[in-house]
>>> print(open('structure.cif').read())   # mmCIF, C-alpha atoms
data_query
#
loop_
_atom_site.label_atom_id
_atom_site.label_comp_id
_atom_site.auth_asym_id
_atom_site.auth_seq_id
_atom_site.Cartn_x
_atom_site.Cartn_y
_atom_site.Cartn_z
CA MET A 1 36.50 8.17 -6.06
CA ALA A 2 33.18 6.33 -6.27
CA ARG A 3 32.28 4.93 -9.70
CA TRP A 4 28.77 4.06 -10.91
CA LEU A 5 28.71 0.83 -12.91
CA LYS A 6 24.94 1.19 -13.14
CA ASN A 7 22.88 4.33 -12.65
CA SER A 8 19.19 5.00 -12.05
CA ARG A 9 16.74 7.44 -13.59
CA THR A 10 17.93 11.02 -13.71
CA VAL A 11 17.08 13.62 -11.07
CA GLU A 12 15.02 15.47 -13.69
CA GLU A 13 12.96 12.39 -14.52
CA ARG A 14 12.26 11.75 -10.85
CA ALA A 15 11.31 15.40 -10.27
CA GLU A 16 8.77 15.31 -13.09
CA ALA A 17 7.23 12.11 -11.73
CA ASN A 18 7.01 13.69 -8.27
CA ARG A 19 5.34 16.80 -9.71
CA GLN A 20 2.63 14.70 -11.33
CA VAL A 21 2.06 12.81 -8.07
CA ARG A 22 1.73 16.08 -6.11
CA GLN A 23 -0.87 17.47 -8.49
CA THR A 24 -2.92 14.27 -8.47
CA VAL A 25 -2.93 14.05 -4.69
CA GLU A 26 -3.84 17.71 -4.21
CA THR A 27 -6.86 17.37 -6.51
CA ILE A 28 -8.10 14.18 -4.85
CA LEU A 29 -7.75 15.46 -1.29
CA ALA A 30 -9.71 18.61 -2.21
CA ASP A 31 -12.47 16.40 -3.65
CA ILE A 32 -12.64 14.31 -0.46
CA GLU A 33 -12.86 17.44 1.65
CA ALA A 34 -15.68 18.81 -0.50
CA ARG A 35 -17.76 15.68 -1.02
CA GLY A 36 -16.85 13.24 1.75
CA ASP A 37 -18.17 9.71 1.40
CA ALA A 38 -19.38 10.28 -2.16
CA ALA A 39 -15.89 11.19 -3.31
CA VAL A 40 -14.31 8.30 -1.40
CA ARG A 41 -16.76 5.85 -2.96
CA GLU A 42 -16.08 7.12 -6.50
CA LEU A 43 -12.32 7.02 -5.96
CA SER A 44 -12.44 3.49 -4.59
CA ARG A 45 -14.46 2.36 -7.59
CA ARG A 46 -12.10 4.16 -9.98
CA PHE A 47 -8.77 2.99 -8.54
CA ASP A 48 -9.60 -0.34 -6.89
CA GLY A 49 -12.78 -1.46 -8.61
CA TRP A 50 -14.29 -1.68 -5.13
CA GLU A 51 -17.55 -0.22 -3.92
CA ARG A 52 -19.87 -0.94 -1.01
CA ALA A 53 -22.31 0.98 1.17
CA ASP A 54 -19.99 0.95 4.18
CA PHE A 55 -16.25 0.39 3.86
CA ARG A 56 -15.96 -0.67 7.49
CA LEU A 57 -15.98 -4.44 8.03
CA SER A 58 -18.53 -5.86 10.44
CA ARG A 59 -17.53 -8.34 13.14
CA THR A 60 -19.19 -11.08 11.09
CA GLU A 61 -17.03 -10.21 8.09
CA ILE A 62 -13.91 -10.12 10.26
CA ASP A 63 -14.72 -13.57 11.64
CA ALA A 64 -15.24 -14.85 8.10
CA CYS A 65 -11.80 -13.60 7.10
CA MET A 66 -10.24 -15.23 10.16
CA ALA A 67 -11.89 -18.52 9.20
CA GLN A 68 -10.17 -18.47 5.81
CA LEU A 69 -6.74 -18.82 7.40
CA SER A 70 -5.26 -22.10 8.54
CA GLN A 71 -4.23 -22.69 12.13
CA GLN A 72 -0.60 -22.49 10.98
CA ASP A 73 -1.28 -19.10 9.40
CA LEU A 74 -2.77 -17.80 12.63
CA THR A 75 0.08 -19.24 14.68
CA ASP A 76 2.65 -17.57 12.44
CA ILE A 77 0.88 -14.21 12.68
CA ALA A 78 0.71 -14.56 16.45
CA PHE A 79 4.44 -15.35 16.61
CA ALA A 80 5.35 -12.27 14.59
CA GLN A 81 3.05 -10.08 16.67
CA THR A 82 4.59 -11.36 19.88
CA GLN A 83 8.04 -10.29 18.66
CA VAL A 84 6.79 -6.83 17.68
CA ARG A 85 4.89 -6.42 20.96
CA ASN A 86 7.85 -7.51 23.08
CA PHE A 87 10.20 -5.02 21.45
CA ALA A 88 7.64 -2.19 21.59
CA GLU A 89 7.02 -2.87 25.29
CA ALA A 90 10.76 -2.81 25.97
CA GLN A 91 11.00 0.51 24.15
CA LYS A 92 8.12 1.97 26.14
CA ASN A 93 9.65 0.79 29.41
CA SER A 94 12.79 2.73 28.53
CA MET A 95 10.78 5.97 28.42
CA GLN A 96 10.28 7.18 31.96
CA ASP A 97 8.23 10.08 33.25
CA LEU A 98 10.45 12.71 34.87
CA ALA A 99 10.25 15.04 37.88
CA ILE A 100 13.30 16.94 39.10
CA GLU A 101 13.80 19.81 41.54
CA THR A 102 16.01 22.20 39.57
CA LEU A 103 16.04 24.95 42.22
CA PRO A 104 14.80 24.92 45.81
CA GLY A 105 11.01 24.92 45.50
CA VAL A 106 11.00 24.58 41.68
CA THR A 107 10.07 21.21 40.17
CA LEU A 108 10.09 20.50 36.43
CA GLY A 109 8.94 17.34 34.74
CA HIS A 110 7.53 15.61 31.73
CA LYS A 111 5.06 12.83 31.10
CA HIS A 112 4.38 10.69 28.05
CA VAL A 113 0.79 11.08 26.84
CA PRO A 114 -0.58 8.67 24.20
CA ILE A 115 -2.11 10.16 21.06
CA ALA A 116 -5.87 9.66 21.32
CA SER A 117 -6.79 8.59 17.79
CA VAL A 118 -4.54 6.96 15.19
CA GLY A 119 -5.20 5.85 11.62
CA CYS A 120 -2.99 3.02 10.35
CA TYR A 121 -2.59 2.48 6.62
CA VAL A 122 -1.75 -1.09 5.60
CA PRO A 123 -0.64 -1.34 1.95
CA GLY A 124 -1.96 -4.35 0.11
CA GLY A 125 -2.91 -3.61 -3.48
CA LYS A 126 -0.20 -5.81 -5.06
CA TYR A 127 0.65 -8.01 -2.06
CA PRO A 128 -1.33 -8.52 1.16
CA LEU A 129 1.25 -6.86 3.42
CA LEU A 130 -0.17 -8.06 6.72
CA ALA A 131 3.11 -7.29 8.52
CA SER A 132 2.30 -3.58 8.34
CA ALA A 133 -0.63 -4.23 10.66
CA HIS A 134 1.71 -5.55 13.34
CA MET A 135 4.03 -2.61 12.99
CA SER A 136 1.44 0.14 13.31
CA VAL A 137 -1.57 -1.20 15.21
CA LEU A 138 0.34 -3.21 17.82
CA THR A 139 2.81 -0.43 18.47
CA ALA A 140 0.02 2.12 18.91
CA LYS A 141 -1.81 -0.19 21.30
CA VAL A 142 1.34 -0.74 23.37
CA ALA A 143 1.72 3.04 23.55
CA GLY A 144 -1.79 3.26 24.99
CA CYS A 145 -3.68 4.96 22.13
CA ASP A 146 -7.44 4.71 22.73
CA ARG A 147 -8.73 4.63 19.15
CA VAL A 148 -6.71 2.75 16.55
CA ILE A 149 -8.32 2.30 13.12
CA THR A 150 -6.97 0.70 9.98
CA ALA A 151 -7.45 0.95 6.24
CA ALA A 152 -6.15 -1.48 3.63
CA PRO A 153 -7.11 -1.79 -0.04
CA PRO A 154 -9.04 -4.75 -1.40
CA PHE A 155 -6.99 -7.62 -2.75
CA HIS A 156 -8.27 -9.39 -5.85
CA GLY A 157 -11.67 -7.76 -5.46
CA LYS A 158 -12.31 -8.50 -1.78
CA ALA A 159 -10.98 -7.91 1.69
CA ALA A 160 -7.55 -9.51 2.12
CA ALA A 161 -8.21 -12.18 4.74
CA ALA A 162 -4.63 -12.25 6.06
CA ILE A 163 -4.52 -8.47 6.48
CA VAL A 164 -7.89 -8.43 8.21
CA ALA A 165 -6.78 -11.20 10.57
CA ALA A 166 -3.57 -9.37 11.43
CA GLN A 167 -5.41 -6.08 12.00
CA HIS A 168 -7.95 -7.75 14.26
CA MET A 169 -5.39 -9.77 16.21
CA ALA A 170 -3.30 -6.62 16.70
CA GLY A 171 -6.25 -4.83 18.26
CA ALA A 172 -7.68 -2.51 15.60
CA GLY A 173 -11.02 -1.06 16.71
CA GLU A 174 -12.28 -0.19 13.21
CA ILE A 175 -11.20 -2.00 10.04
CA TYR A 176 -11.87 -0.38 6.66
CA VAL A 177 -11.33 -1.94 3.25
CA LEU A 178 -10.14 1.19 1.51
CA GLY A 179 -6.90 1.98 -0.27
CA GLY A 180 -4.67 4.72 -1.55
CA ILE A 181 -5.21 8.46 -1.36
CA GLN A 182 -8.90 7.96 -0.58
CA ALA A 183 -8.05 5.97 2.56
CA ILE A 184 -5.49 8.51 3.75
CA GLY A 185 -7.82 11.41 3.02
CA ALA A 186 -10.84 9.81 4.65
CA MET A 187 -8.96 9.03 7.87
CA ALA A 188 -7.33 12.46 8.11
CA ILE A 189 -10.11 14.72 6.86
CA GLY A 190 -13.05 12.62 7.97
CA THR A 191 -16.28 11.87 6.14
CA GLU A 192 -19.89 11.28 7.09
CA SER A 193 -19.05 7.69 8.05
CA ILE A 194 -15.40 7.92 9.17
CA LYS A 195 -14.44 10.05 12.15
CA PRO A 196 -11.08 11.79 11.56
CA VAL A 197 -7.95 10.75 13.43
CA ASP A 198 -5.22 12.77 15.10
CA MET A 199 -2.31 10.95 13.48
CA LEU A 200 -1.63 8.89 10.34
CA VAL A 201 0.97 6.12 10.20
CA GLY A 202 2.04 3.39 7.83
CA PRO A 203 3.98 2.94 4.59
CA GLY A 204 2.61 3.09 1.07
CA ASN A 205 3.33 4.00 -2.53
CA ALA A 206 4.33 7.44 -3.78
CA PHE A 207 0.70 8.64 -3.75
CA VAL A 208 0.15 7.55 -0.15
CA ALA A 209 3.41 9.19 0.96
CA GLU A 210 2.51 12.42 -0.82
CA ALA A 211 -0.99 12.44 0.68
CA LYS A 212 0.54 12.15 4.15
CA ARG A 213 2.94 14.98 3.32
CA GLN A 214 0.14 17.29 2.19
CA LEU A 215 -1.97 16.48 5.25
CA TYR A 216 0.86 16.95 7.74
CA GLY A 217 -0.08 19.72 10.13
CA ARG A 218 -3.75 18.98 9.84
CA VAL A 219 -2.85 15.65 11.43
CA GLY A 220 0.39 14.24 12.70
CA ILE A 221 2.26 11.67 10.65
CA ASP A 222 4.85 9.11 11.58
CA LEU A 223 7.33 9.89 8.79
CA PHE A 224 7.62 9.90 5.01
CA ALA A 225 7.47 6.19 4.26
CA GLY A 226 7.17 5.87 0.50
CA PRO A 227 8.33 3.16 -1.91
CA THR A 228 10.76 0.71 -0.33
CA GLU A 229 14.47 1.46 -0.61
CA THR A 230 17.36 -0.88 0.03
CA LEU A 231 21.12 -0.39 0.12
CA VAL A 232 23.45 -3.38 0.30
CA ILE A 233 26.95 -2.56 1.57
CA ALA A 234 29.22 -5.50 0.82
CA ASP A 235 32.80 -6.58 0.28
CA GLU A 236 34.32 -9.83 -0.94
CA THR A 237 33.42 -11.69 2.25
CA VAL A 238 30.11 -12.42 0.45
CA ASP A 239 29.21 -13.35 -3.12
CA GLY A 240 27.17 -11.92 -5.95
CA GLU A 241 24.28 -14.35 -5.55
CA LEU A 242 23.66 -13.27 -1.94
CA CYS A 243 23.86 -9.58 -2.84
CA ALA A 244 21.58 -9.98 -5.85
CA THR A 245 19.04 -11.94 -3.84
CA ASP A 246 18.88 -9.26 -1.18
CA LEU A 247 18.58 -6.47 -3.75
CA LEU A 248 15.75 -8.10 -5.68
CA GLY A 249 14.04 -9.21 -2.48
CA GLN A 250 13.25 -5.54 -1.87
CA ALA A 251 12.95 -4.39 -5.49
CA GLU A 252 9.91 -6.66 -5.86
CA HIS A 253 7.94 -4.23 -3.67
CA GLY A 254 7.21 -2.11 -6.72
CA PRO A 255 8.57 -0.60 -9.94
CA THR A 256 9.80 2.55 -8.16
CA SER A 257 11.74 0.84 -5.36
CA PRO A 258 15.44 1.77 -5.40
CA ALA A 259 17.90 -1.10 -4.89
CA ILE A 260 21.56 -0.12 -4.63
CA LEU A 261 24.78 -2.09 -4.22
CA LEU A 262 27.69 -0.24 -2.60
CA THR A 263 30.98 -2.11 -2.59
CA ASN A 264 34.74 -1.74 -2.72
CA SER A 265 35.08 -4.71 -5.05
CA ASP A 266 34.75 -4.35 -8.81
CA ARG A 267 34.53 -8.13 -9.10
CA LEU A 268 31.67 -8.39 -6.59
CA ALA A 269 29.87 -5.55 -8.36
CA ARG A 270 30.01 -7.28 -11.74
CA ASP A 271 29.17 -10.69 -10.29
CA THR A 272 26.15 -9.18 -8.56
CA MET A 273 24.92 -7.55 -11.77
CA ALA A 274 25.20 -10.88 -13.57
CA GLU A 275 23.36 -12.68 -10.76
CA VAL A 276 20.58 -10.07 -10.83
CA GLU A 277 19.94 -10.84 -14.50
CA ARG A 278 19.94 -14.58 -13.81
CA LEU A 279 17.55 -14.31 -10.86
CA LEU A 280 15.16 -12.02 -12.73
CA GLY A 281 14.51 -14.94 -15.05
CA ILE A 282 13.61 -17.18 -12.10
CA LEU A 283 11.71 -15.02 -9.62
CA PRO A 284 7.91 -15.05 -10.00
CA THR A 285 8.04 -11.34 -9.18
CA GLY A 286 10.80 -10.75 -11.72
CA GLU A 287 8.74 -8.43 -13.90
CA VAL A 288 8.16 -5.91 -11.10
CA ALA A 289 11.64 -6.30 -9.62
CA GLY A 290 13.17 -6.00 -13.09
CA LYS A 291 11.41 -2.71 -13.74
CA ALA A 292 12.62 -1.35 -10.39
CA TRP A 293 16.16 -2.55 -11.10
CA ALA A 294 16.18 -1.05 -14.61
CA ASP A 295 14.91 2.37 -13.52
CA PHE A 296 16.09 2.69 -9.92
CA GLY A 297 18.89 0.16 -9.45
CA GLU A 298 22.46 1.35 -8.93
CA VAL A 299 25.86 -0.29 -8.53
CA ILE A 300 28.56 1.87 -6.95
CA VAL A 301 32.20 0.91 -6.47
CA CYS A 302 34.25 2.83 -3.88
CA ASP A 303 37.97 2.95 -3.22
CA SER A 304 37.76 2.46 0.55
CA TYR A 305 35.50 1.61 3.45
CA ASP A 306 35.55 5.26 4.55
CA GLU A 307 34.28 6.30 1.14
CA MET A 308 31.55 3.67 1.35
CA VAL A 309 30.34 5.32 4.57
CA GLU A 310 30.38 8.77 2.96
CA VAL A 311 28.32 7.59 -0.01
CA ALA A 312 25.93 5.59 2.17
CA ASP A 313 25.26 8.61 4.39
CA ARG A 314 24.50 10.72 1.30
CA ILE A 315 22.05 8.08 0.03
CA ALA A 316 20.37 7.84 3.48
CA SER A 317 18.53 4.67 2.50
CA GLU A 318 15.55 3.18 4.29
CA HIS A 319 17.14 -0.27 4.66
CA VAL A 320 20.91 -0.71 4.88
CA GLN A 321 22.23 -4.26 4.82
CA VAL A 322 25.89 -4.59 5.78
CA MET A 323 27.86 -7.71 4.83
CA THR A 324 31.56 -7.01 5.30
CA ASP A 325 34.54 -7.96 7.40
CA ARG A 326 33.75 -5.00 9.72
CA ASP A 327 29.98 -4.92 10.22
CA ILE A 328 30.14 -3.48 13.74
CA TRP A 329 32.43 -0.69 12.51
CA PHE A 330 29.76 0.26 9.99
CA ARG A 331 27.11 0.14 12.73
CA ASP A 332 29.14 2.54 14.84
CA THR A 333 30.14 4.83 11.95
CA LEU A 334 27.07 5.20 9.71
CA GLN A 335 24.73 8.06 10.58
CA ASN A 336 21.92 8.21 8.00
CA TYR A 337 19.75 5.11 7.64
CA GLY A 338 16.30 3.86 8.53
CA ALA A 339 17.39 0.49 9.90
CA LEU A 340 20.59 -1.55 9.82
CA PHE A 341 20.82 -5.27 9.11
CA LEU A 342 24.21 -6.58 10.12
CA GLY A 343 25.92 -9.63 8.66
CA PRO A 344 24.97 -12.21 6.03
CA SER A 345 22.86 -14.16 8.52
CA THR A 346 20.58 -11.14 8.89
CA ASN A 347 18.42 -9.71 6.13
CA VAL A 348 15.78 -7.08 5.48
CA ALA A 349 12.99 -9.64 5.11
CA PHE A 350 13.48 -10.67 8.75
CA GLY A 351 12.93 -7.07 9.82
CA ASP A 352 10.05 -6.62 7.40
CA LYS A 353 8.08 -9.60 8.62
CA VAL A 354 8.94 -11.17 11.93
CA ILE A 355 12.03 -10.30 13.96
CA GLY A 356 10.36 -7.60 16.06
CA THR A 357 11.79 -4.24 15.02
CA ASN A 358 9.44 -1.91 13.16
CA HIS A 359 9.47 -1.98 9.38
CA THR A 360 7.86 1.44 8.84
CA LEU A 361 11.02 3.41 8.07
CA PRO A 362 12.03 6.75 6.54
CA THR A 363 12.45 6.99 2.76
CA MET A 364 13.34 9.80 0.35
CA LYS A 365 16.40 10.76 2.42
CA ALA A 366 14.28 11.43 5.52
CA ALA A 367 16.72 9.19 7.41
CA ARG A 368 18.93 12.29 7.64
CA TYR A 369 16.63 13.64 10.37
CA THR A 370 14.38 10.87 11.68
CA GLY A 371 14.38 7.22 12.59
CA GLY A 372 11.57 4.79 11.93
CA LEU A 373 8.22 4.18 13.57
CA TRP A 374 8.45 3.12 17.20
CA VAL A 375 6.35 3.30 20.32
CA GLY A 376 7.64 6.79 21.08
CA LYS A 377 6.03 8.14 17.90
CA PHE A 378 2.62 7.50 19.46
CA LEU A 379 3.47 9.38 22.64
CA LYS A 380 3.52 13.13 23.20
CA THR A 381 6.23 14.10 25.67
CA CYS A 382 4.54 16.95 27.54
CA THR A 383 6.30 19.09 30.13
CA TRP A 384 4.92 20.43 33.42
CA GLN A 385 6.27 22.76 36.05
CA GLN A 386 5.44 23.77 39.61
CA VAL A 387 6.83 26.52 41.82
CA ALA A 388 5.91 25.36 45.31
CA THR A 389 7.26 28.11 47.60
CA ASP A 390 6.82 31.87 47.85
CA GLU A 391 10.57 32.34 48.05
CA ALA A 392 11.16 30.45 44.79
CA SER A 393 8.39 32.33 42.99
CA ALA A 394 9.81 35.71 44.00
CA MET A 395 13.38 34.75 43.14
CA VAL A 396 12.53 33.36 39.70
CA GLY A 397 10.16 36.27 39.16
CA GLU A 398 12.94 38.85 39.42
CA TYR A 399 14.95 37.13 36.68
CA ALA A 400 11.86 36.63 34.55
CA SER A 401 10.79 40.25 34.85
CA ARG A 402 14.12 41.61 33.67
CA LEU A 403 14.35 39.15 30.78
CA CYS A 404 10.78 39.95 29.67
CA MET A 405 11.57 43.65 29.62
CA LEU A 406 14.64 43.02 27.45
CA GLU A 407 12.17 41.72 24.88
CA GLY A 408 9.65 44.51 25.41
CA PHE A 409 6.95 42.22 26.84
CA ALA A 410 5.54 44.37 29.61
CA GLY A 411 2.56 42.09 30.19
CA HIS A 412 4.86 39.11 30.55
CA ALA A 413 6.94 41.10 33.02
CA GLU A 414 3.86 41.92 35.09
CA GLN A 415 3.10 38.21 35.42
CA ALA A 416 6.45 37.97 37.19
CA ASN A 417 6.23 41.29 39.03
CA ILE A 418 2.93 40.59 40.75
CA ARG A 419 4.45 37.51 42.31
CA VAL A 420 7.56 39.40 43.38
CA ARG A 421 5.29 41.93 45.11
CA ARG A 422 3.04 39.35 46.74
CA TYR A 423 5.51 36.64 47.63
CA GLY A 424 8.78 38.56 47.92
CA GLY A 425 7.53 41.63 49.75
CA ARG A 426 9.13 44.00 47.25
CA ASN A 427 7.16 47.02 46.08
CA ILE A 428 8.57 47.13 42.55
CA PRO A 429 6.98 49.53 40.01
CA TYR A 430 4.72 48.41 37.16
CA ALA A 431 6.43 47.69 33.84
CA THR A 432 6.31 50.72 31.54
CA ALA A 433 8.80 50.05 28.73
CA ALA A 434 7.12 50.13 25.32
CA SER A 435 9.88 48.53 23.28
CA PRO A 436 12.86 46.22 23.64
CA ARG A 437 15.20 49.21 23.12
CA GLU A 438 13.61 51.18 25.97
CA ALA A 439 13.70 48.13 28.17
CA ALA A 440 17.38 47.59 27.46
CA GLU A 441 18.19 51.21 28.18
#
>>> encode(input="structure.cif", output="structure tokens")
Amino acid sequence: MARWLKNSRTVEERAEANRQVRQTVETILADIEARGDAAVRELSRRFDGWERADFRLSRTEIDACMAQLSQQDLTDIAFAQTQVRNFAEAQKNSMQDLAIETLPGVTLGHKHVPIASVGCYVPGGKYPLLASAHMSVLTAKVAGCDRVITAAPPFHGKAAAAIVAAQHMAGAGEIYVLGGIQAIGAMAIGTESIKPVDMLVGPGNAFVAEAKRQLYGRVGIDLFAGPTETLVIADETVDGELCATDLLGQAEHGPTSPAILLTNSDRLARDTMAEVERLLGILPTGEVAGKAWADFGEVIVCDSYDEMVEVADRIASEHVQVMTDRDIWFRDTLQNYGALFLGPSTNVAFGDKVIGTNHTLPTMKAARYTGGLWVGKFLKTCTWQQVATDEASAMVGEYASRLCMLEGFAGHAEQANIRVRRYGGRNIPYATAASPREAAE
């Protein structure tokens, strides 16, 4: 039976925090809807200390941000974007349009249609997370989306030059320096100066994730990508220092980022906990990571590898790093995760920043029913159908008519019947049943 050597905040404490976030977001989104740019400007001043007449950067301002980066910086961004683009293009190439003749004269098909307008949120209040620009903007552009806009908060009182450069290099058509709920609301609802989008994508804090949740349906969203989560699955083939490093490397995202060790070794569990405390005294981001570890860190010891899989699937973590003597077995057995990182030579930071897979991944147990952001999220798979012969129309029409009448849909049945009369030469009567029961009788 699994044992918790360290537990996180209680379910009740988390529920209360979530309730407060929901109420705050609901109030702010209603204000943006009612007052548009005025509300957005006040919110930006209140939360980010940032105010300007137009939150969209001009080309001159974009060029100025680009000039602040060294040639090595630009080369590194270009390298990362090449990896993301290559993988997204390979994914898109795997998605083929379809046309198949299912019956003589009946052809069914589908085509992949890009979403017209996409808003990409790039978090950057605490750290300039330029990698999120690659993951959203580039992937949307590869999918073929016409309008791709971005919003990222100011960093230290100004536009974050690295984020702006990454957004521009990825192909963003409009770049806004705007953060948090106000950015999400402005892109989804629209204001006097910002035309609304059809879909919102990108990770963010709990407030950003909740804003996307409340706006879902009004616009599409990629997935619920809230505070970063990481799960390290390890056995004694690795050591406590490596496990602790990989846990804290994700916990530094923010004070509400869960970091969990799942192991079958009591010794590795205790060594990892000791190493976490040692590293927290060294890491420059130790204060943030330490808060996350204190409130949301967990250490779980299982009796077997099978039990480790059961617990991991219940957790359904965003990132799952596997470092065991059977990594491929875990890959083939685990079901609920955002992304897998296999072996000690791999790590979540590679996926976050440069390796090419997308780092916008499901959190809050959403990995039970969705994967992460990928080129397919920006494509609508739309079906089409064509009945090309009179014989096929009449034949299908007879089946359709009877099935419609079983449901009591006389008008539906007449859509079929008129074609049976015209194309099949059968003088069948008009549908008269008023209810499914009468039709069945």
>>> atom_distance(input="structure.cif", atom1="CA of Ser257 in chain A", atom2="CA of Glu229 in chain A")
5.5 Å
>>> residues_around(input="structure.cif", residues="Leu215 in chain A", least_positions_apart="2", cutoff="12 Å", atoms="only C-alpha atoms", output="ChimeraX atom specification")
/A:22,25-26,29-30,33,181,184-189,197-201,208-213,217-224
>>> residues_near_point(input="structure.cif", point="(-0.6, -0.5, 22.1)", cutoff="10 Å", atoms="only C-alpha atoms", output="MDAnalysis selection string")
chainID A and resid 85 88:89 92 114 136:146 148 170:172 375 378
>>> atom_distance(input="structure.cif", atom1="CA of Ala99 in chain A", atom2="CA of Ser393 in chain A")
18.1 Å
>>> resolve_selection(input="structure.cif", expression="the PyMOL selection byres ((chain A and resi 276) around 8)", output="PyMOL selection string")
chain A and resi 241+244-245+248+272-275+277-280
>>> closest_residue(input="structure.cif", among="A:Ser265, A:Thr75, A:Ser94, A:Ser193", to="Arg56 in chain A", atoms="all atoms listed in the file")
A:Ser193
>>> resolve_selection(input="structure.cif", expression="the PyMOL selection byres ((chain A and resi 281-296) around 9)", output="ChimeraX atom specification")
/A:7-9,247-260,276-280,297-298
>>> atom_distance(input="structure.cif", atom1="CA of Ala339 in chain A", atom2="CA of Asp327 in chain A")
13.7 Å
>>> axis_aligned_box(input="structure.cif", around="range 60-72 of chain A", padding_each_side="5 Å", output="JSON")
{"center_x": -9.9, "center_y": -16.4, "center_z": 9.0, "size_x": 28.6, "size_y": 22.6, "size_z": 16.3}
>>> resolve_selection(input="structure.cif", expression="the PyMOL selection byres ((chain A and resi 107) around 9)", output="NGL selection string")
:A and (99-106 or 108-109 or 384-388)
>>> closest_residue(input="structure.cif", among="A:Ala53, A:Ile62, A:Thr360, A:Thr237", to="Val122 in chain A", atoms="all atoms listed in the file")
A:Thr360
>>> closest_residue(input="structure.cif", among="A:Ala431, A:Ala162, A:Val311, A:Val396", to="His412 in chain A", atoms="only C-alpha atoms")
A:Ala431
>>> closest_residue(input="structure.cif", among="A:Ala116, A:Ala17, A:Val164, A:Ala90", to="Glu61 in chain A", atoms="all atoms listed in the file")
A:Val164
>>> closest_atom_pairs(input="structure.cif", of="range 192-229 of chain A", to="range 123-129 of chain A", cutoff="12 Å", atoms="only C-alpha atoms", output="tab-separated table")
residue	atom	partner	partner_atom	distance
A:Val201	CA	A:Pro123	CA	11.2
A:Gly202	CA	A:Pro123	CA	8.0
A:Pro203	CA	A:Pro123	CA	6.8
A:Gly204	CA	A:Pro123	CA	5.6
A:Asn205	CA	A:Pro123	CA	8.0
A:Ala206	CA	A:Pro123	CA	11.6
A:Phe207	CA	A:Pro123	CA	11.6
A:Val208	CA	A:Pro123	CA	9.2
A:Ala209	CA	A:Pro123	CA	11.3
A:Ala225	CA	A:Pro123	CA	11.3
A:Gly226	CA	A:Pro123	CA	10.7
A:Pro227	CA	A:Pro123	CA	10.8
A:Thr228	CA	A:Pro123	CA	11.8
>>> closest_residue(input="structure.cif", among="A:Val420, A:Val113, A:Val354, A:Leu340", to="Ile328 in chain A", atoms="all atoms listed in the file")
A:Leu340
>>> residues_around(input="structure.cif", residues="Asn347 in chain A", least_positions_apart="4", cutoff="8 Å", atoms="only C-alpha atoms", output="PyMOL selection string")
chain A and resi 246+321+341-343+351
